[in-house]
Structures are given as C-alpha cells and as structure tokens.
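K.L.:
Mind looking over this structure? Questions follow.
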Amino acid sequence: AGAPSGGGAPSRAPADPEAARRRAERRMQRIGAGATELEQRLEDLLHSGLASADRADGRGSWDETAARMVDAQAPGLATRVRELGSVVASGPDWPARLLEECALLHLLDQGFLGIERLPAPLAATVRSRVGLTTEAADLLTGPDAAPVRDRWLVLAQQDSEDGKLTTRRIFLRGERTGRMALHLSFGASNHPLDLALPPGLMLDADLAYYPGARPLRAALGERHAPAAPGPVPPGCGVDAALAAYGDALRDDPWLDSWPVVLADVTPIPGRDGAGWQLADADGESALPLNPRCLGRTGLWQLAAISGGAPITVFGECGHRGFLPLTAWDPTPVSL
C-alpha cells in the first residue's frame, strides 16, 4: 500500500483507558509497598529510641530511605522523609520535633494504606500528599471540571530554588468568594518561568482547584480581562488568623501553614532582633513571626513601612508562627 497523502505528523493513537487503569493500579501497589516499608522504618526507630537517629550515618540513612520512596513512585513521602533527616541534631529540641514529624508521617502512611475507608475529600488530600497529582487540563476541561470565576487579587509571588529547580508560588484571593488559592509553577534553575503575577494585580479569571479536604492549590484557566491594579485587601486580626489556620488543620492535618491577610497589625522587634511579633492595634493579641524569617532584611523593611503604625500584611500563619510575604504601603511591597 502507498504512503498516506499529506505531509502532516501522524495522528496520535487514542488513549487506552484500560491500560491507564492498570498503570494507576500498579502505581498504587508500589506506593503501598513503600508506605509499608516506611512504617517498618519508623517502628524500628521508635524501638531503638530517637537518640539512635543522631549518628554519623543518620542523615545518609534517611536519604537512602527517601530514595526508596522515590523508587516506589511516592515523591511526597520522599520529601517528608528527607525533612526527618534535616531535623536530627538541628537544635536543642530536635527529639521533640522529630517525634512530631514521625507521627505525621505515620498518619500519612496509615491514611494511604487505608485510603478506601476515607471520605472522598480526605482521600484526595492523602493522594496529593504522597505525590499523586491531577493534570491541570483535567481540572479545567475534564468531565468533572468546576472552574471558579472571580476577580482574583494577587497577594504574593515567591520564588525558591533547590539548585536544579525553581518553584514559584503565587497566592491569590477571590473578591466575591473570599477563597484563597495557590498557583504553583516549576522551571529549570536560572530560567524565567512563564507566569509572573506581581502582588497587587487583580485578575478576572477562572481557577480550578485541585481536589482535597481543604482545597488551596489551583490551576489558572481562562482570563476574561487584562490584569489591573487592585485595592489594599481587607484583613482580619490575630485571633481570627489563628482560627483560620486551626479550621484548615482540622481538614488537612499535614498543613504547615495557611495563607491569611492581617489588618491593622504592628511589627514589634524583640530583643537583639529576635522574637519579632505582629501585634493587634488594640494590643490584646500578638502573633510571633516564624523563626525562618529572623535575620532577613525584610523584617526591618516591614518595620520601616510600619513606622510604628498599624499596617496590612499578607503571609502564612502556621504552628511555628507567621511568615510575612507582602505589606501594603499603601502599594504592595514584597518582603
């Protein structure tokens, strides 16, 4: 037979749903085997005592376990295992923090091993935490797509690098819905990412949330109008911020923090530049700042913007304190 006419590329064969189902089943089995192996690793650690983790080869042992989780196609488990290795001998209270992280990892293992018994939203959270993701295209145009149209205010844009990969986190909040959203994008180190949204812009756009018990991550869909400058966002006080994080933690126990906008708070430096706090205007409540940001020039920048007066600050409220990302002066300033 002769060759088909036309010079275009050959059409792609239609997807085989049965083959996709078998691949998904095999991956679930591999992750289950990895979770079972990790449970044994945690049990051995508790039997031998947390002090046994503080050995010369301790970090290497955790790295080896993390590599085995990667082999099991569970990158989420691998990330949490690496974090365990970084906690060991990292400060005077490291055994307590190691026990906390081990407990959360054990909870995630058990959640995955018994995932068929979980409510659908919590099961979706567990899948995402172990590393099973949903394609953005399916969220936006798939049969179960449910995009949310709103005017979304960009609250912060934050880049981080691990040497090979650049991760961009863009936080947004809907004007009508009041919902928080987090858009993630990734790219090779030292290469610009496609999507850049400076704080303060307002987007009339569709967002589709990834499934979970407390949805936050979202994919950006159609934009209905050009981006325009937005207002200073309304915010809440310290007590309401802590309540918001507590509510989110109830649904997703593996959350480290939850995005909130604080209104009318004053940054107060501690002694020797340590122990910073954000205090409500009435002086009744204060929220400690996350130790991760101590020593950053952004703290003194925050104090300079405030000048001792209350300001609006966006950041992440978590169990280690508040991590400020943007302040309004009245235009947004990235910290």
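Identifiers for the structure tokens are assigned positionally: chains receive A, B, ... in sequence, residues are indexed from 1 per chain, and ligands are indexed from 1 in the order shown.
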Report as a Markdown table: every residue of region 32-149 of chain A with an atom at most 10 Å from region 244-259 of chain A, its closest pair of atoms, and their distance in Å to one decimal, counting only C-alpha atoms, with rows sorted by chain and ascending residue number.
P.N.:
| residue | atom | partner | partner_atom | distance |
| --- | --- | --- | --- | --- |
| A:Glu101 | CA | A:Trp254 | CA | 9.6 |
| A:Leu104 | CA | A:Trp254 | CA | 6.7 |
| A:Leu105 | CA | A:Trp254 | CA | 8.7 |
| A:Leu107 | CA | A:Pro253 | CA | 8.9 |
| A:Leu108 | CA | A:Trp254 | CA | 8.2 |
| A:Pro121 | CA | A:Asp251 | CA | 9.0 |
| A:Leu122 | CA | A:Asp251 | CA | 7.5 |
| A:Thr125 | CA | A:Asp252 | CA | 7.2 |
| A:Val126 | CA | A:Asp252 | CA | 8.8 |
| A:Arg129 | CA | A:Trp254 | CA | 8.1 |
K.L.:
Pull the strand (DSSP E or B) assignments for region 84-248 of chain A out of DSSP run on the backbone, and list those residues as a ChimeraX atom specification.
P.N.:
/A:148-161,165-174,180-188,201-209,217-223,228-229,236
K.L.:
What is the distance, in Å and to one decimal place, between CA of Ala33 (chain A) and CA of Gly131 (chain A)?
P.N.:
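One can read the CA of Ala33 (chain A) to CA of Gly131 (chain A) distance as 14.5 Å.
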K.L.:
Would you kindly return, as a VMD selection string, each protein, DNA or RNA residue with an atom no farther than 9 Å from any atom of Pro288 (chain A), considering only C-alpha atoms and excluding same-chain residues fewer than 2 positions away?
P.N.:
chain A and resid 275 to 279 286 290 to 291 320 to 322
K.L.:
Quote the spacing between CA of Gly163 (chain A) and CA of Ser189 (chain A) in Å to one decimal place.
P.N.:
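Computing the Euclidean distance for CA of Gly163 (chain A) and CA of Ser189 (chain A) yields 6.5 Å.
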K.L.:
Could you tell me which of A:Gly200, A:Gly49, A:Pro233, A:Pro215 comes closest to Val333 (chain A) if we count only C-alpha atoms?
P.N.:
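Using only C-alpha atoms, the shortest distance to Val333 (chain A) belongs to A:Gly200.
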K.L.:
Can you work out which one of A:Arg30, A:Arg173, A:His319, A:Arg41 has the shortest atom-to-atom distance to Gly235 (chain A), counting only C-alpha atoms?
P.N.:
A:Arg173
K.L.:
When DSSP is applied to the backbone of this structure, which of region 192-250 of chain A are assigned alpha helix (DSSP H)? Write them out as an MDAnalysis selection string.
P.N.:
chainID A and resid 238:250
K.L.:
For N, CA and C atoms, I'd like the residues from the last selection saved as a PDB file, in the first residue's frame.
P.N.:
ATOM      1  N   VAL A 238      -5.383  38.924  64.744  1.00  0.00           N
ATOM      2  CA  VAL A 238      -4.557  37.768  65.097  1.00  0.00           C
ATOM      3  C   VAL A 238      -5.413  36.575  65.490  1.00  0.00           C
ATOM      4  N   ASP A 239      -6.425  36.789  66.312  1.00  0.00           N
ATOM      5  CA  ASP A 239      -7.247  35.665  66.771  1.00  0.00           C
ATOM      6  C   ASP A 239      -7.960  34.985  65.605  1.00  0.00           C
ATOM      7  N   ALA A 240      -8.480  35.781  64.668  1.00  0.00           N
ATOM      8  CA  ALA A 240      -9.164  35.206  63.509  1.00  0.00           C
ATOM      9  C   ALA A 240      -8.181  34.461  62.610  1.00  0.00           C
ATOM     10  N   ALA A 241      -6.942  34.949  62.506  1.00  0.00           N
ATOM     11  CA  ALA A 241      -5.934  34.266  61.695  1.00  0.00           C
ATOM     12  C   ALA A 241      -5.613  32.893  62.272  1.00  0.00           C
ATOM     13  N   LEU A 242      -5.463  32.829  63.587  1.00  0.00           N
ATOM     14  CA  LEU A 242      -5.190  31.539  64.229  1.00  0.00           C
ATOM     15  C   LEU A 242      -6.372  30.588  64.066  1.00  0.00           C
ATOM     16  N   ALA A 243      -7.591  31.132  64.146  1.00  0.00           N
ATOM     17  CA  ALA A 243      -8.778  30.295  63.964  1.00  0.00           C
ATOM     18  C   ALA A 243      -8.841  29.758  62.538  1.00  0.00           C
ATOM     19  N   ALA A 244      -8.451  30.573  61.549  1.00  0.00           N
ATOM     20  CA  ALA A 244      -8.464  30.121  60.152  1.00  0.00           C
ATOM     21  C   ALA A 244      -7.480  28.982  59.952  1.00  0.00           C
ATOM     22  N   TYR A 245      -6.295  29.102  60.551  1.00  0.00           N
ATOM     23  CA  TYR A 245      -5.320  28.014  60.431  1.00  0.00           C
ATOM     24  C   TYR A 245      -5.823  26.763  61.140  1.00  0.00           C
ATOM     25  N   GLY A 246      -6.440  26.929  62.298  1.00  0.00           N
ATOM     26  CA  GLY A 246      -6.981  25.777  63.017  1.00  0.00           C
ATOM     27  C   GLY A 246      -8.063  25.062  62.242  1.00  0.00           C
ATOM     28  N   ASP A 247      -8.952  25.835  61.590  1.00  0.00           N
ATOM     29  CA  ASP A 247     -10.005  25.224  60.785  1.00  0.00           C
ATOM     30  C   ASP A 247      -9.407  24.430  59.619  1.00  0.00           C
ATOM     31  N   ALA A 248      -8.383  25.007  58.971  1.00  0.00           N
ATOM     32  CA  ALA A 248      -7.754  24.310  57.854  1.00  0.00           C
ATOM     33  C   ALA A 248      -7.035  23.056  58.324  1.00  0.00           C
ATOM     34  N   LEU A 249      -6.406  23.136  59.484  1.00  0.00           N
ATOM     35  CA  LEU A 249      -5.670  21.997  60.021  1.00  0.00           C
ATOM     36  C   LEU A 249      -6.601  20.849  60.390  1.00  0.00           C
ATOM     37  N   ARG A 250      -7.802  21.177  60.771  1.00  0.00           N
ATOM     38  CA  ARG A 250      -8.792  20.136  61.085  1.00  0.00           C
ATOM     39  C   ARG A 250      -9.065  19.270  59.863  1.00  0.00           C
TER      40      ARG A 250
END
K.L.:
Which residues, written as a ChimeraX atom specification, have at least one atom at most 10 Å from Pro75 (chain A), with only C-alpha atoms counted and residues fewer than 2 positions away on the same chain left out?
P.N.:
/A:31,66-73,77-81,128-132
K.L.:
Can you list, as a list of chain:residue names, every protein, DNA or RNA residue that comes within 9 Å of Ala218 (chain A) when you count only C-alpha atoms, leaving out same-chain residues fewer than 5 positions away?
P.N.:
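What passes the distance filter is A:Ala136, A:Leu139, A:Ala181, A:Leu182, A:His183, A:Leu184, A:Leu207, A:Ala208, A:Tyr209, A:Tyr210.
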K.L.:
With only C-alpha atoms as the basis for distance, which of A:Thr177, A:Thr133, A:Ser61, A:Ser52 is at the shortest distance from Val148 (chain A)?
P.N.:
A:Thr177
K.L.:
Can you tell me which residues surround Ala120 (chain A) at a distance of at most 12 Å, considering only C-alpha atoms, apart from same-chain residues fewer than 3 positions away, and format the answer as a ChimeraX atom specification?
P.N.:
/A:115-117,123-127,211-214
K.L.:
Those selected residues, please, written with C-alpha atoms and delivered as a PDB file, in the first residue's frame.
P.N.:
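Done, and the output landed in out_10.pdb:
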ATOM      1  CA  ILE A 115      -7.436   5.020  51.761  1.00  0.00           C
ATOM      2  CA  GLU A 116     -10.503   3.077  50.620  1.00  0.00           C
ATOM      3  CA  ARG A 117     -12.101   3.731  54.035  1.00  0.00           C
ATOM      4  CA  ALA A 123      -8.676  10.517  50.375  1.00  0.00           C
ATOM      5  CA  ALA A 124      -7.871  13.135  47.721  1.00  0.00           C
ATOM      6  CA  THR A 125      -5.725  15.005  50.258  1.00  0.00           C
ATOM      7  CA  VAL A 126      -3.826  11.822  51.132  1.00  0.00           C
ATOM      8  CA  ARG A 127      -3.211  11.054  47.454  1.00  0.00           C
ATOM      9  CA  PRO A 211      -9.207  18.050  44.921  1.00  0.00           C
ATOM     10  CA  GLY A 212      -8.736  17.812  48.666  1.00  0.00           C
ATOM     11  CA  ALA A 213     -10.384  18.188  52.054  1.00  0.00           C
ATOM     12  CA  ARG A 214      -9.205  21.820  52.213  1.00  0.00           C
TER      13      ARG A 214
END
K.L.:
Quick check, in Å to one decimal: how far apart do CA of Glu83 (chain A) and CA of Trp300 (chain A) lie?
P.N.:
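Separation of CA of Glu83 (chain A) and CA of Trp300 (chain A): 29.3 Å.
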K.L.:
Please determine, counting only C-alpha atoms, which residue among A:Ala327, A:Leu287, A:Glu39, A:Pro267 has the shortest atom-to-atom distance to Gln110 (chain A).
P.N.:
A:Glu39
K.L.:
Write out as number ranges by chain the residues lying within 12 Å of Leu46 (chain A), counting only C-alpha atoms and excluding same-chain residues fewer than 3 positions away.
P.N.:
A: 39-43, 49-53, 95, 98-99, 102-103, 106
